[in-house]
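**Student:** Supplied structure: protein_3.cif, mmCIF, C-alpha atoms.
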data_work
#
loop_
_atom_site.group_PDB
_atom_site.id
_atom_site.type_symbol
_atom_site.label_atom_id
_atom_site.label_comp_id
_atom_site.auth_asym_id
_atom_site.auth_seq_id
_atom_site.Cartn_x
_atom_site.Cartn_y
_atom_site.Cartn_z
ATOM 1 C CA MET A 220 -122.363 27.436 -19.993
ATOM 2 C CA ILE A 221 -123.106 30.888 -21.379
ATOM 3 C CA ARG A 222 -120.799 33.635 -20.221
ATOM 4 C CA GLN A 223 -121.775 37.248 -19.558
ATOM 5 C CA ASP A 224 -119.475 38.664 -22.261
ATOM 6 C CA TYR A 225 -120.937 36.295 -24.850
ATOM 7 C CA ILE A 226 -124.473 37.369 -23.952
ATOM 8 C CA LEU A 227 -123.611 41.052 -24.068
ATOM 9 C CA ARG A 228 -121.891 40.631 -27.421
ATOM 10 C CA LEU A 229 -124.838 38.689 -28.842
ATOM 11 C CA ILE A 230 -127.343 41.373 -27.846
ATOM 12 C CA SER A 231 -125.071 44.212 -28.941
ATOM 13 C CA GLU A 232 -124.624 42.681 -32.396
ATOM 14 C CA LEU A 233 -128.335 42.079 -32.690
ATOM 15 C CA ARG A 234 -129.190 45.664 -31.665
ATOM 16 C CA GLN A 235 -126.719 47.043 -34.200
ATOM 17 C CA PHE A 236 -128.091 44.886 -36.991
ATOM 18 C CA VAL A 237 -131.715 45.727 -36.172
ATOM 19 C CA GLY A 238 -130.855 49.413 -35.819
ATOM 20 C CA ALA A 239 -129.187 49.374 -39.236
ATOM 21 C CA MET A 240 -132.203 47.648 -40.775
ATOM 22 C CA ILE A 241 -134.614 50.128 -39.259
ATOM 23 C CA GLY A 242 -132.365 53.036 -40.246
ATOM 24 C CA THR A 243 -132.467 52.110 -43.923
ATOM 25 C CA GLY A 244 -136.244 52.075 -44.015
ATOM 26 C CA ASP A 245 -135.962 49.113 -46.377
ATOM 27 C CA PRO A 246 -138.742 46.678 -45.463
ATOM 28 C CA GLY A 247 -136.980 44.011 -47.520
ATOM 29 C CA ARG A 248 -134.260 43.873 -44.878
ATOM 30 C CA ALA A 249 -136.832 43.075 -42.188
ATOM 31 C CA GLY A 250 -136.685 39.408 -43.158
ATOM 32 C CA GLU A 251 -132.924 39.441 -42.709
ATOM 33 C CA ALA A 252 -133.239 41.092 -39.324
ATOM 34 C CA LEU A 253 -135.884 38.633 -38.157
ATOM 35 C CA HIS A 254 -133.652 35.803 -39.323
ATOM 36 C CA ALA A 255 -130.833 37.268 -37.199
ATOM 37 C CA VAL A 256 -133.173 37.363 -34.181
ATOM 38 C CA LEU A 257 -134.166 33.758 -34.747
ATOM 39 C CA HIS A 258 -130.518 32.759 -35.147
ATOM 40 C CA ALA A 259 -129.663 34.468 -31.848
ATOM 41 C CA GLN A 260 -132.498 32.601 -30.161
ATOM 42 C CA GLU A 261 -131.311 29.341 -31.698
ATOM 43 C CA ARG A 262 -127.841 29.944 -30.231
ATOM 44 C CA LEU A 263 -129.377 30.781 -26.880
ATOM 45 C CA PHE A 264 -131.601 27.688 -26.721
ATOM 46 C CA GLN A 265 -128.868 25.553 -28.324
ATOM 47 C CA CYS A 266 -131.378 23.729 -30.507
ATOM 48 C CA PRO A 267 -133.304 24.248 -33.753
ATOM 49 C CA PRO A 268 -136.207 26.739 -33.648
ATOM 50 C CA ALA A 269 -138.741 23.947 -34.119
ATOM 51 C CA ASN A 270 -137.707 22.628 -30.699
ATOM 52 C CA PHE A 271 -138.528 25.833 -28.804
ATOM 53 C CA LEU A 272 -140.970 27.907 -30.848
ATOM 54 C CA GLY A 273 -143.881 25.562 -30.184
ATOM 55 C CA LEU A 274 -143.323 25.571 -26.428
ATOM 56 C CA THR A 275 -145.277 27.645 -23.949
ATOM 57 C CA ILE A 276 -143.462 30.544 -22.299
ATOM 58 C CA ASP A 277 -143.203 28.464 -19.130
ATOM 59 C CA GLN A 278 -141.590 25.624 -21.056
ATOM 60 C CA GLN A 279 -139.202 28.003 -22.811
ATOM 61 C CA VAL A 280 -138.059 29.459 -19.490
ATOM 62 C CA GLU A 281 -137.684 25.913 -18.141
ATOM 63 C CA GLN A 282 -135.556 24.926 -21.135
ATOM 64 C CA LEU A 283 -133.357 28.015 -20.826
ATOM 65 C CA GLY A 284 -132.766 27.324 -17.135
ATOM 66 C CA ARG A 285 -132.242 23.586 -17.358
ATOM 67 C CA ASP A 286 -128.938 22.531 -15.797
ATOM 68 C CA GLU A 287 -127.948 26.160 -15.187
ATOM 69 C CA SER A 288 -127.184 28.098 -12.035
ATOM 70 C CA PRO A 289 -129.893 30.619 -11.117
ATOM 71 C CA GLU A 290 -127.624 33.468 -12.256
ATOM 72 C CA THR A 291 -126.973 31.924 -15.663
ATOM 73 C CA ALA A 292 -130.605 30.918 -16.092
ATOM 74 C CA VAL A 293 -131.719 34.485 -15.439
ATOM 75 C CA GLU A 294 -129.086 35.825 -17.853
ATOM 76 C CA LYS A 295 -130.401 33.497 -20.533
ATOM 77 C CA VAL A 296 -134.028 34.487 -19.916
ATOM 78 C CA ALA A 297 -133.085 38.184 -19.937
ATOM 79 C CA THR A 298 -131.221 37.643 -23.203
ATOM 80 C CA TYR A 299 -134.251 35.881 -24.673
ATOM 81 C CA ALA A 300 -136.424 38.828 -23.608
ATOM 82 C CA ALA A 301 -133.944 41.198 -25.280
ATOM 83 C CA THR A 302 -134.147 39.232 -28.549
ATOM 84 C CA LEU A 303 -137.934 39.442 -28.379
ATOM 85 C CA GLU A 304 -137.671 43.218 -27.883
ATOM 86 C CA GLN A 305 -135.506 43.425 -31.016
ATOM 87 C CA ALA A 306 -138.124 41.417 -32.914
ATOM 88 C CA ALA A 307 -140.752 43.889 -31.674
ATOM 89 C CA ARG A 308 -138.699 46.788 -33.058
ATOM 90 C CA ILE A 309 -138.583 45.070 -36.450
ATOM 91 C CA TYR A 310 -142.313 44.443 -36.394
ATOM 92 C CA GLU A 311 -142.985 48.097 -35.549
ATOM 93 C CA ALA A 312 -140.727 49.267 -38.365
ATOM 94 C CA THR A 313 -142.746 47.144 -40.791
ATOM 95 C CA ASN A 314 -146.123 48.256 -39.411
ATOM 96 C CA ARG A 315 -146.957 44.942 -37.776
ATOM 97 C CA ASP A 316 -147.928 46.465 -34.467
ATOM 98 C CA GLN A 317 -149.853 43.482 -33.118
ATOM 99 C CA LEU A 318 -146.840 41.212 -33.619
ATOM 100 C CA ALA A 319 -144.700 43.807 -31.816
ATOM 101 C CA LYS A 320 -147.108 43.850 -28.874
ATOM 102 C CA ASN A 321 -147.227 40.061 -28.735
ATOM 103 C CA SER A 322 -143.438 39.818 -28.842
ATOM 104 C CA ARG A 323 -143.138 42.243 -25.940
ATOM 105 C CA GLN A 324 -145.773 40.359 -23.954
ATOM 106 C CA ILE A 325 -143.832 37.126 -24.388
ATOM 107 C CA ALA A 326 -140.674 38.948 -23.256
ATOM 108 C CA LEU A 327 -142.467 40.348 -20.209
ATOM 109 C CA GLY A 328 -144.022 36.970 -19.413
ATOM 110 C CA SER A 329 -140.614 35.285 -19.641
ATOM 111 C CA LEU A 330 -139.061 37.697 -17.170
ATOM 112 C CA LEU A 331 -142.001 37.420 -14.783
ATOM 113 C CA ILE A 332 -141.925 33.612 -14.890
ATOM 114 C CA ALA A 333 -138.194 33.738 -14.204
ATOM 115 C CA THR A 334 -138.788 35.909 -11.113
ATOM 116 C CA ASN A 335 -141.163 33.256 -9.785
ATOM 117 C CA ARG A 336 -138.769 30.436 -10.576
ATOM 118 C CA TRP A 337 -135.646 32.158 -9.234
ATOM 119 C CA PRO A 338 -136.941 34.754 -6.730
ATOM 120 C CA GLU A 339 -133.453 35.418 -5.390
ATOM 121 C CA GLN A 340 -132.633 36.889 -8.817
ATOM 122 C CA ARG A 341 -135.657 39.227 -8.840
ATOM 123 C CA THR A 342 -133.677 42.462 -8.752
ATOM 124 C CA LEU A 343 -131.697 41.440 -11.851
ATOM 125 C CA MET A 344 -134.914 41.402 -13.875
ATOM 126 C CA ALA A 345 -136.595 44.476 -12.382
ATOM 127 C CA ASP A 346 -135.324 46.960 -14.977
ATOM 128 C CA GLY A 347 -136.339 44.753 -17.894
ATOM 129 C CA ILE A 348 -139.798 44.240 -16.414
ATOM 130 C CA THR A 349 -140.230 47.970 -15.818
ATOM 131 C CA THR A 350 -139.113 48.850 -19.347
ATOM 132 C CA LEU A 351 -141.408 46.297 -20.976
ATOM 133 C CA ARG A 352 -144.308 47.347 -18.781
ATOM 134 C CA GLN A 353 -143.830 50.937 -19.952
ATOM 135 C CA GLU A 354 -143.719 49.781 -23.574
ATOM 136 C CA LEU A 355 -146.975 47.906 -23.028
ATOM 137 C CA ALA A 356 -148.702 50.596 -20.940
ATOM 138 C CA ALA A 357 -151.554 51.125 -23.406
ATOM 139 C CA VAL A 358 -151.939 47.434 -24.231
ATOM 140 C CA GLU A 359 -154.352 45.049 -22.607
ATOM 141 C CA LEU A 360 -152.126 42.256 -21.418
ATOM 142 C CA HIS A 361 -153.015 38.649 -22.035
ATOM 143 C CA PRO A 362 -154.585 37.227 -18.833
ATOM 144 C CA PRO A 363 -151.639 34.936 -17.927
ATOM 145 C CA VAL A 364 -149.180 37.818 -18.323
ATOM 146 C CA GLN A 365 -151.455 40.142 -16.346
ATOM 147 C CA GLU A 366 -151.668 37.582 -13.533
ATOM 148 C CA LEU A 367 -147.876 37.269 -13.443
ATOM 149 C CA LEU A 368 -147.552 41.063 -13.377
ATOM 150 C CA ASP A 369 -150.103 41.340 -10.551
ATOM 151 C CA THR A 370 -148.086 38.788 -8.543
ATOM 152 C CA TRP A 371 -144.864 40.693 -9.294
ATOM 153 C CA GLU A 372 -146.361 44.003 -8.192
ATOM 154 C CA ALA A 373 -147.793 42.476 -4.989
ATOM 155 C CA LYS A 374 -144.366 41.286 -3.807
ATOM 156 C CA PRO A 375 -142.088 43.837 -2.183
ATOM 157 C CA GLU A 376 -138.631 44.401 -3.635
#
Rewrite the structure of this file - the entire thing - as structure tokens.

**Tutor:**
Amino acid sequence: MIRQDYILRLISELRQFVGAMIGTGDPGRAGEALHAVLHAQERLFQCPPANFLGLTIDQQVEQLGRDESPETAVEKVATYAATLEQAARIYEATNRDQLAKNSRQIALGSLLIATNRWPEQRTLMADGITTLRQELAAVELHPPVQELLDTWEAKPE
């Protein structure tokens, strides 16, 4: 089972590494940073990338929550969303804006799916959803993500 301190440490290390990569302005380090993101995701999913990258967002959320308490499942999904946000930062730094937008939409979709799957944990994901929605304010969301967001916004806190 993943513990809160492990998750916080994982994301903190990833943010520091990505921040250092972006700070250098060296696009050659982008590959290293993306590899670090993928490695973090591999640790989170506890399987090789080939086993989770080809899955739909729904299936990824299902895999992250399998055999976990709702609290731990939500922590894992929130951590996944945070790794996707770090990937988006790398993509922006290397002028791959569409990949950044797509990464953020997957992160937003993951959090929204998790709120449907574990509604009692909704408030734990609210800040992440709000932040990603602000990041994507000028972006036309993919229809499935837009539908999930509409459902989220229709439900009272």

**Student:** Measuring atom to atom with all atoms listed in the file, identify which of A:Val293, A:Gly250, A:Thr302, A:Asp277 is nearest to Arg262 (chain A).

**Tutor:**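 For Arg262 (chain A), the nearest of the given residues is A:Thr302.
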
**Student:** Excluding Ile325 (chain A) and any residue of its chain fewer than 3 positions from it, enumerate the residues within 10 Å of it, using only C-alpha atoms, and give them as a PyMOL selection string.

**Tutor:** chain A and resi 275-276+299-300+303-304+320-322+328-331+361+364

**Student:** As JSON, please: the centre and edge lengths in Å, to one decimal, of an axis-aligned box enclosing every listed atom of region 310-323 of chain A with 8 Å added on each side.

**Tutor:**
{"center_x": -145.3, "center_y": 44.5, "center_z": -33.4, "size_x": 25.1, "size_y": 25.4, "size_z": 30.9}

**Student:** Which distance in Å separates CA of Thr291 (chain A) and CA of Leu368 (chain A), to one decimal?

**Tutor:** 22.6 Å

**Student:** Mind giving me the straight-line distance from CA of Val237 (chain A) to CA of Glu311 (chain A) in Å, one decimal?

**Tutor:** 11.5 Å

**Student:** For this file, the PyMOL selection byres ((chain A and resi 289) around 12) selects which residues, as a PyMOL selection string?

**Tutor:** chain A and resi 280-281+283-288+290-296+333-341+343

**Student:** Could those selected residues go to a file with C-alpha atoms, as a PDB file, keeping the file's coordinate frame?

**Tutor:**
ATOM      1  CA  VAL A 280    -138.059  29.459 -19.490  1.00  0.00           C
ATOM      2  CA  GLU A 281    -137.684  25.913 -18.141  1.00  0.00           C
ATOM      3  CA  LEU A 283    -133.357  28.015 -20.826  1.00  0.00           C
ATOM      4  CA  GLY A 284    -132.766  27.324 -17.135  1.00  0.00           C
ATOM      5  CA  ARG A 285    -132.242  23.586 -17.358  1.00  0.00           C
ATOM      6  CA  ASP A 286    -128.938  22.531 -15.797  1.00  0.00           C
ATOM      7  CA  GLU A 287    -127.948  26.160 -15.187  1.00  0.00           C
ATOM      8  CA  SER A 288    -127.184  28.098 -12.035  1.00  0.00           C
ATOM      9  CA  GLU A 290    -127.624  33.468 -12.256  1.00  0.00           C
ATOM     10  CA  THR A 291    -126.973  31.924 -15.663  1.00  0.00           C
ATOM     11  CA  ALA A 292    -130.605  30.918 -16.092  1.00  0.00           C
ATOM     12  CA  VAL A 293    -131.719  34.485 -15.439  1.00  0.00           C
ATOM     13  CA  GLU A 294    -129.086  35.825 -17.853  1.00  0.00           C
ATOM     14  CA  LYS A 295    -130.401  33.497 -20.533  1.00  0.00           C
ATOM     15  CA  VAL A 296    -134.028  34.487 -19.916  1.00  0.00           C
ATOM     16  CA  ALA A 333    -138.194  33.738 -14.204  1.00  0.00           C
ATOM     17  CA  THR A 334    -138.788  35.909 -11.113  1.00  0.00           C
ATOM     18  CA  ASN A 335    -141.163  33.256  -9.785  1.00  0.00           C
ATOM     19  CA  ARG A 336    -138.769  30.436 -10.576  1.00  0.00           C
ATOM     20  CA  TRP A 337    -135.646  32.158  -9.234  1.00  0.00           C
ATOM     21  CA  PRO A 338    -136.941  34.754  -6.730  1.00  0.00           C
ATOM     22  CA  GLU A 339    -133.453  35.418  -5.390  1.00  0.00           C
ATOM     23  CA  GLN A 340    -132.633  36.889  -8.817  1.00  0.00           C
ATOM     24  CA  ARG A 341    -135.657  39.227  -8.840  1.00  0.00           C
ATOM     25  CA  LEU A 343    -131.697  41.440 -11.851  1.00  0.00           C
TER      26      LEU A 343
END

**Student:** Have a look at CA of Leu253 (chain A) and CA of Pro363 (chain A) and let me know their distance in Å, one decimal.

**Tutor:**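 The value is 25.9 Å.
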
**Student:** Find, counting only C-alpha atoms, the residue in A:Gln305, A:Leu318, A:Glu366, A:Ala297 that gets nearest to His254 (chain A).

**Tutor:**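 Smallest separation from His254 (chain A) among the options: A:Gln305.
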
**Student:** At a cut-off of 12 Å, using only C-alpha atoms, what residues contact Thr350 (chain A)? Leave out same-chain residues fewer than 6 positions from it and give the result as a PyMOL selection string.

**Tutor:** chain A and resi 300-301+304+323-324+326-327+330+344+356

**Student:** Using only C-alpha atoms for the distances, tell me which of A:Leu274, A:Ala249, A:Ile332, A:Ala269 is nearest to Ile348 (chain A).

**Tutor:** A:Ile332

**Student:** Could you please fill out region 323-347 of chain A with N, CA and C atoms and send it back as a compact mmCIF listing (two decimals), in the frame of the given file?

**Tutor:**
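For reference, rebuild.txt as written:
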# COMPACT_ATOMS: atom_id res chain seq x y z
N ARG A 323 -143.46 41.62 -27.23
CA ARG A 323 -143.14 42.24 -25.94
C ARG A 323 -143.86 41.54 -24.79
N GLN A 324 -145.07 41.07 -25.02
CA GLN A 324 -145.77 40.36 -23.95
C GLN A 324 -145.08 39.04 -23.63
N ILE A 325 -144.58 38.36 -24.64
CA ILE A 325 -143.83 37.13 -24.39
C ILE A 325 -142.56 37.45 -23.60
N ALA A 326 -141.89 38.54 -23.98
CA ALA A 326 -140.67 38.95 -23.26
C ALA A 326 -141.00 39.25 -21.80
N LEU A 327 -142.06 40.01 -21.57
CA LEU A 327 -142.47 40.35 -20.21
C LEU A 327 -142.85 39.09 -19.44
N GLY A 328 -143.63 38.22 -20.06
CA GLY A 328 -144.02 36.97 -19.41
C GLY A 328 -142.82 36.12 -19.04
N SER A 329 -141.83 36.07 -19.92
CA SER A 329 -140.61 35.28 -19.64
C SER A 329 -139.90 35.80 -18.40
N LEU A 330 -139.74 37.11 -18.33
CA LEU A 330 -139.06 37.70 -17.17
C LEU A 330 -139.86 37.47 -15.89
N LEU A 331 -141.17 37.61 -15.97
CA LEU A 331 -142.00 37.42 -14.78
C LEU A 331 -141.99 35.97 -14.31
N ILE A 332 -142.02 35.03 -15.25
CA ILE A 332 -141.93 33.61 -14.89
C ILE A 332 -140.58 33.34 -14.22
N ALA A 333 -139.53 33.94 -14.78
CA ALA A 333 -138.19 33.74 -14.20
C ALA A 333 -138.12 34.28 -12.77
N THR A 334 -138.82 35.38 -12.49
CA THR A 334 -138.79 35.91 -11.11
C THR A 334 -139.49 34.96 -10.14
N ASN A 335 -140.49 34.25 -10.64
CA ASN A 335 -141.16 33.26 -9.78
C ASN A 335 -140.29 32.03 -9.59
N ARG A 336 -139.59 31.64 -10.63
CA ARG A 336 -138.77 30.44 -10.58
C ARG A 336 -137.48 30.65 -9.78
N TRP A 337 -136.89 31.83 -9.92
CA TRP A 337 -135.65 32.16 -9.23
C TRP A 337 -135.83 33.48 -8.48
N PRO A 338 -136.62 33.49 -7.42
CA PRO A 338 -136.94 34.75 -6.73
C PRO A 338 -135.72 35.48 -6.18
N GLU A 339 -134.66 34.76 -5.89
CA GLU A 339 -133.45 35.42 -5.39
C GLU A 339 -132.78 36.29 -6.46
N GLN A 340 -133.19 36.12 -7.70
CA GLN A 340 -132.63 36.89 -8.82
C GLN A 340 -133.57 38.02 -9.26
N ARG A 341 -134.60 38.26 -8.50
CA ARG A 341 -135.66 39.23 -8.84
C ARG A 341 -135.11 40.60 -9.24
N THR A 342 -134.18 41.12 -8.47
CA THR A 342 -133.68 42.46 -8.75
C THR A 342 -132.95 42.55 -10.09
N LEU A 343 -132.39 41.44 -10.56
CA LEU A 343 -131.70 41.44 -11.85
C LEU A 343 -132.66 41.60 -13.02
N MET A 344 -133.93 41.31 -12.80
CA MET A 344 -134.91 41.40 -13.88
C MET A 344 -135.81 42.62 -13.75
N ALA A 345 -135.69 43.36 -12.66
CA ALA A 345 -136.60 44.48 -12.38
C ALA A 345 -136.58 45.54 -13.48
N ASP A 346 -135.40 45.92 -13.94
CA ASP A 346 -135.32 46.96 -14.98
C ASP A 346 -135.98 46.51 -16.27
N GLY A 347 -135.72 45.28 -16.67
CA GLY A 347 -136.34 44.75 -17.89
C GLY A 347 -137.85 44.70 -17.79
